[in-house]
Amino acid sequence: MNKVLKWILIICTGGILLYLAASFFAVFMLTYFSSSKRINLPAEEKAFEKIKKVYHIETIERSPEFERQVKNQDTITYTLYLYSKSNCNIEPDSLKKNALRIAKEINNIHLESKYYKYRLVFSCKAYNPNGFDFEFLRKDIIP
(Lines give C-alpha, C1' and ligand atoms only; values in the text may rest on other atoms or scores of the structure.)
Protein backbone atom coordinates (compact mmCIF):
# COMPACT_ATOMS: atom_id res chain seq x y z
CA MET A 1 0.00 0.00 0.00
CA ASN A 2 2.86 2.35 0.81
CA LYS A 3 4.48 1.87 -2.63
CA VAL A 4 1.17 2.48 -4.39
CA LEU A 5 0.73 5.82 -2.56
CA LYS A 6 4.26 6.88 -3.48
CA TRP A 7 3.64 6.14 -7.18
CA ILE A 8 0.31 7.96 -7.15
CA LEU A 9 1.96 10.99 -5.50
CA ILE A 10 4.85 10.95 -8.02
CA ILE A 11 2.47 10.69 -10.99
CA CYS A 12 0.25 13.51 -9.67
CA THR A 13 3.25 15.78 -8.99
CA GLY A 14 4.70 15.04 -12.43
CA GLY A 15 1.34 15.74 -14.08
CA ILE A 16 0.98 19.06 -12.28
CA LEU A 17 4.52 20.12 -13.23
CA LEU A 18 3.94 19.09 -16.84
CA TYR A 19 0.66 21.05 -16.92
CA LEU A 20 2.36 24.19 -15.50
CA ALA A 21 5.24 23.93 -17.99
CA ALA A 22 2.85 23.55 -20.94
CA SER A 23 0.76 26.51 -19.72
CA PHE A 24 3.85 28.69 -19.33
CA PHE A 25 5.04 27.76 -22.82
CA ALA A 26 1.61 28.53 -24.34
CA VAL A 27 1.39 31.95 -22.66
CA PHE A 28 4.97 32.77 -23.68
CA MET A 29 4.31 31.91 -27.33
CA LEU A 30 1.08 33.93 -27.40
CA THR A 31 2.70 37.04 -25.95
CA TYR A 32 5.78 36.73 -28.13
CA PHE A 33 3.91 36.50 -31.42
CA SER A 34 1.10 38.93 -30.60
CA SER A 35 3.18 41.83 -29.28
CA SER A 36 3.57 44.84 -31.53
CA LYS A 37 6.95 45.63 -33.05
CA ARG A 38 8.90 48.65 -31.88
CA ILE A 39 9.78 51.28 -34.43
CA ASN A 40 13.47 50.83 -35.06
CA LEU A 41 15.31 53.42 -37.12
CA PRO A 42 19.13 53.41 -37.03
CA ALA A 43 19.24 57.01 -38.29
CA GLU A 44 17.03 58.02 -35.38
CA GLU A 45 19.38 56.45 -32.83
CA LYS A 46 22.38 58.25 -34.36
CA ALA A 47 20.51 61.55 -34.24
CA PHE A 48 19.56 60.94 -30.59
CA GLU A 49 23.19 60.32 -29.66
CA LYS A 50 24.22 63.55 -31.38
CA ILE A 51 21.43 65.49 -29.64
CA LYS A 52 22.45 64.07 -26.27
CA LYS A 53 26.06 65.17 -26.73
CA VAL A 54 25.46 68.62 -28.18
CA TYR A 55 22.58 69.73 -25.94
CA HIS A 56 23.63 67.89 -22.75
CA ILE A 57 20.46 65.79 -22.61
CA GLU A 58 20.48 62.82 -20.24
CA THR A 59 17.46 60.86 -21.47
CA ILE A 60 15.35 60.99 -24.62
CA GLU A 61 11.97 59.30 -24.91
CA ARG A 62 9.83 59.33 -28.01
CA SER A 63 6.23 58.80 -28.84
CA PRO A 64 4.89 56.81 -30.65
CA GLU A 65 7.13 53.83 -29.92
CA PHE A 66 5.21 50.97 -31.52
CA GLU A 67 4.16 50.31 -35.11
CA ARG A 68 0.54 49.72 -34.08
CA GLN A 69 0.31 53.35 -32.91
CA VAL A 70 1.27 54.56 -36.39
CA LYS A 71 -0.53 52.04 -38.57
CA ASN A 72 -4.15 53.21 -38.44
CA GLN A 73 -3.65 56.98 -38.30
CA ASP A 74 -3.35 59.52 -41.09
CA THR A 75 -1.43 62.20 -39.21
CA ILE A 76 0.74 61.81 -36.15
CA THR A 77 2.69 64.13 -33.89
CA TYR A 78 6.26 62.97 -33.26
CA THR A 79 6.97 63.79 -29.62
CA LEU A 80 10.36 63.84 -27.93
CA TYR A 81 10.69 64.12 -24.17
CA LEU A 82 14.13 65.56 -23.39
CA TYR A 83 15.20 65.18 -19.77
CA SER A 84 18.17 66.99 -18.31
CA LYS A 85 18.88 68.60 -14.96
CA SER A 86 20.32 71.60 -16.79
CA ASN A 87 16.83 72.33 -18.22
CA CYS A 88 15.67 73.55 -14.80
CA ASN A 89 17.64 76.80 -14.96
CA ILE A 90 17.53 77.66 -18.67
CA GLU A 91 15.43 80.51 -20.05
CA PRO A 92 12.55 79.56 -22.39
CA ASP A 93 14.03 81.70 -25.21
CA SER A 94 17.24 79.69 -25.16
CA LEU A 95 15.26 76.45 -25.09
CA LYS A 96 13.21 77.60 -28.09
CA LYS A 97 16.40 78.08 -30.12
CA ASN A 98 17.62 74.64 -29.09
CA ALA A 99 14.22 73.15 -29.88
CA LEU A 100 14.31 74.57 -33.40
CA ARG A 101 17.81 73.16 -33.97
CA ILE A 102 16.72 69.76 -32.64
CA ALA A 103 13.63 69.82 -34.87
CA LYS A 104 15.89 70.47 -37.88
CA GLU A 105 18.01 67.49 -36.89
CA ILE A 106 14.92 65.31 -36.56
CA ASN A 107 13.80 66.49 -39.99
CA ASN A 108 17.01 64.98 -41.42
CA ILE A 109 16.03 61.50 -40.19
CA HIS A 110 13.43 61.22 -43.01
CA LEU A 111 10.60 59.87 -40.89
CA GLU A 112 7.43 58.45 -42.35
CA SER A 113 5.21 61.02 -44.09
CA LYS A 114 2.42 60.53 -41.52
CA TYR A 115 4.39 62.63 -39.02
CA TYR A 116 3.22 66.17 -39.71
CA LYS A 117 4.27 67.88 -36.47
CA TYR A 118 7.21 67.70 -34.05
CA ARG A 119 6.60 68.30 -30.36
CA LEU A 120 9.59 68.76 -28.06
CA VAL A 121 9.13 68.72 -24.31
CA PHE A 122 12.08 69.87 -22.20
CA SER A 123 11.90 68.76 -18.58
CA CYS A 124 14.38 68.69 -15.73
CA LYS A 125 12.92 65.65 -13.96
CA ALA A 126 12.98 62.25 -15.60
CA TYR A 127 9.60 60.72 -16.40
CA ASN A 128 7.83 63.99 -15.62
CA PRO A 129 6.47 65.38 -18.89
CA ASN A 130 5.72 68.79 -17.35
CA GLY A 131 8.11 71.36 -18.69
CA PHE A 132 8.65 73.62 -21.66
CA ASP A 133 6.71 72.47 -24.69
CA PHE A 134 7.53 73.52 -28.27
CA GLU A 135 5.71 72.43 -31.43
CA PHE A 136 6.84 72.79 -35.04
CA LEU A 137 5.05 71.83 -38.24
CA ARG A 138 7.23 69.56 -40.30
CA LYS A 139 6.59 71.42 -43.54
CA ASP A 140 7.67 74.76 -41.99
CA ILE A 141 11.11 73.56 -40.94
CA ILE A 142 13.73 74.57 -43.45
CA PRO A 143 17.02 72.65 -43.16
# chains A, B, ... in the order shown; residues from 1 in each chain; ligands from 1

call {"tool": "select_by_dssp", "arguments": {"residues": "range 93-142 of chain A", "states": "alpha helix (DSSP H)", "output": "MDAnalysis selection string"}}
result
chainID A and resid 93:107

call {"tool": "write_last_selection", "arguments": {"atoms": "N, CA, C and O atoms", "output": "mmCIF file, in the first residue's frame"}}
result
data_model
loop_
_atom_site.group_PDB
_atom_site.id
_atom_site.type_symbol
_atom_site.label_atom_id
_atom_site.label_comp_id
_atom_site.auth_asym_id
_atom_site.auth_seq_id
_atom_site.Cartn_x
_atom_site.Cartn_y
_atom_site.Cartn_z
ATOM 1 N N ASP A 93 13.559 81.237 -23.893
ATOM 2 C CA ASP A 93 14.030 81.702 -25.205
ATOM 3 C C ASP A 93 15.202 80.853 -25.693
ATOM 4 O O ASP A 93 15.276 80.510 -26.873
ATOM 5 N N SER A 94 16.093 80.531 -24.800
ATOM 6 C CA SER A 94 17.236 79.686 -25.159
ATOM 7 C C SER A 94 16.767 78.279 -25.532
ATOM 8 O O SER A 94 17.278 77.665 -26.471
ATOM 9 N N LEU A 95 15.791 77.768 -24.780
ATOM 10 C CA LEU A 95 15.260 76.446 -25.092
ATOM 11 C C LEU A 95 14.550 76.438 -26.442
ATOM 12 O O LEU A 95 14.613 75.450 -27.170
ATOM 13 N N LYS A 96 13.899 77.546 -26.793
ATOM 14 C CA LYS A 96 13.211 77.598 -28.090
ATOM 15 C C LYS A 96 14.214 77.502 -29.231
ATOM 16 O O LYS A 96 13.968 76.813 -30.230
ATOM 17 N N LYS A 97 15.359 78.166 -29.091
ATOM 18 C CA LYS A 97 16.402 78.077 -30.120
ATOM 19 C C LYS A 97 16.922 76.648 -30.232
ATOM 20 O O LYS A 97 17.105 76.122 -31.333
ATOM 21 N N ASN A 98 17.162 76.031 -29.083
ATOM 22 C CA ASN A 98 17.625 74.642 -29.086
ATOM 23 C C ASN A 98 16.558 73.712 -29.677
ATOM 24 O O ASN A 98 16.877 72.778 -30.405
ATOM 25 N N ALA A 99 15.302 73.980 -29.359
ATOM 26 C CA ALA A 99 14.219 73.147 -29.878
ATOM 27 C C ALA A 99 14.147 73.233 -31.393
ATOM 28 O O ALA A 99 13.948 72.219 -32.073
ATOM 29 N N LEU A 100 14.336 74.418 -31.944
ATOM 30 C CA LEU A 100 14.309 74.574 -33.397
ATOM 31 C C LEU A 100 15.477 73.823 -34.047
ATOM 32 O O LEU A 100 15.302 73.139 -35.058
ATOM 33 N N ARG A 101 16.643 73.904 -33.433
ATOM 34 C CA ARG A 101 17.806 73.165 -33.971
ATOM 35 C C ARG A 101 17.576 71.660 -33.896
ATOM 36 O O ARG A 101 17.904 70.928 -34.831
ATOM 37 N N ILE A 102 17.008 71.198 -32.789
ATOM 38 C CA ILE A 102 16.722 69.763 -32.639
ATOM 39 C C ILE A 102 15.680 69.329 -33.653
ATOM 40 O O ILE A 102 15.790 68.257 -34.265
ATOM 41 N N ALA A 103 14.666 70.155 -33.882
ATOM 42 C CA ALA A 103 13.629 69.823 -34.871
ATOM 43 C C ALA A 103 14.237 69.710 -36.269
ATOM 44 O O ALA A 103 13.850 68.840 -37.054
ATOM 45 N N LYS A 104 15.207 70.570 -36.586
ATOM 46 C CA LYS A 104 15.887 70.466 -37.880
ATOM 47 C C LYS A 104 16.665 69.168 -37.985
ATOM 48 O O LYS A 104 16.723 68.545 -39.045
ATOM 49 N N GLU A 105 17.279 68.754 -36.880
ATOM 50 C CA GLU A 105 18.013 67.486 -36.894
ATOM 51 C C GLU A 105 17.055 66.305 -37.057
ATOM 52 O O GLU A 105 17.366 65.351 -37.765
ATOM 53 N N ILE A 106 15.911 66.379 -36.420
ATOM 54 C CA ILE A 106 14.915 65.310 -36.558
ATOM 55 C C ILE A 106 14.402 65.261 -37.996
ATOM 56 O O ILE A 106 14.142 64.192 -38.540
ATOM 57 N N ASN A 107 14.284 66.429 -38.615
ATOM 58 C CA ASN A 107 13.802 66.487 -39.988
ATOM 59 C C ASN A 107 14.760 65.773 -40.950
ATOM 60 O O ASN A 107 14.347 65.299 -42.000
#

call {"tool": "select_by_dssp", "arguments": {"residues": "range 53-104 of chain A", "states": "strand (DSSP E)", "output": "PyMOL selection string"}}
result
chain A and resi 59-63+76-83

call {"tool": "residues_around", "arguments": {"residues": "Cys88 in chain A", "least_positions_apart": "2", "cutoff": "10 Å", "atoms": "only C-alpha atoms", "output": "JSON, numbers by chain"}}
result
{"A": [83, 84, 85, 86, 90, 91, 122, 123, 124, 125, 131, 132]}

call {"tool": "atom_distance", "arguments": {"atom1": "CA of Arg62 in chain A", "atom2": "CA of Pro92 in chain A"}}
result
21.2 Å

call {"tool": "residues_around", "arguments": {"residues": "Thr79 in chain A", "least_positions_apart": "5", "cutoff": "7 Å", "atoms": "only C-alpha atoms", "output": "count of residues only"}}
result
5
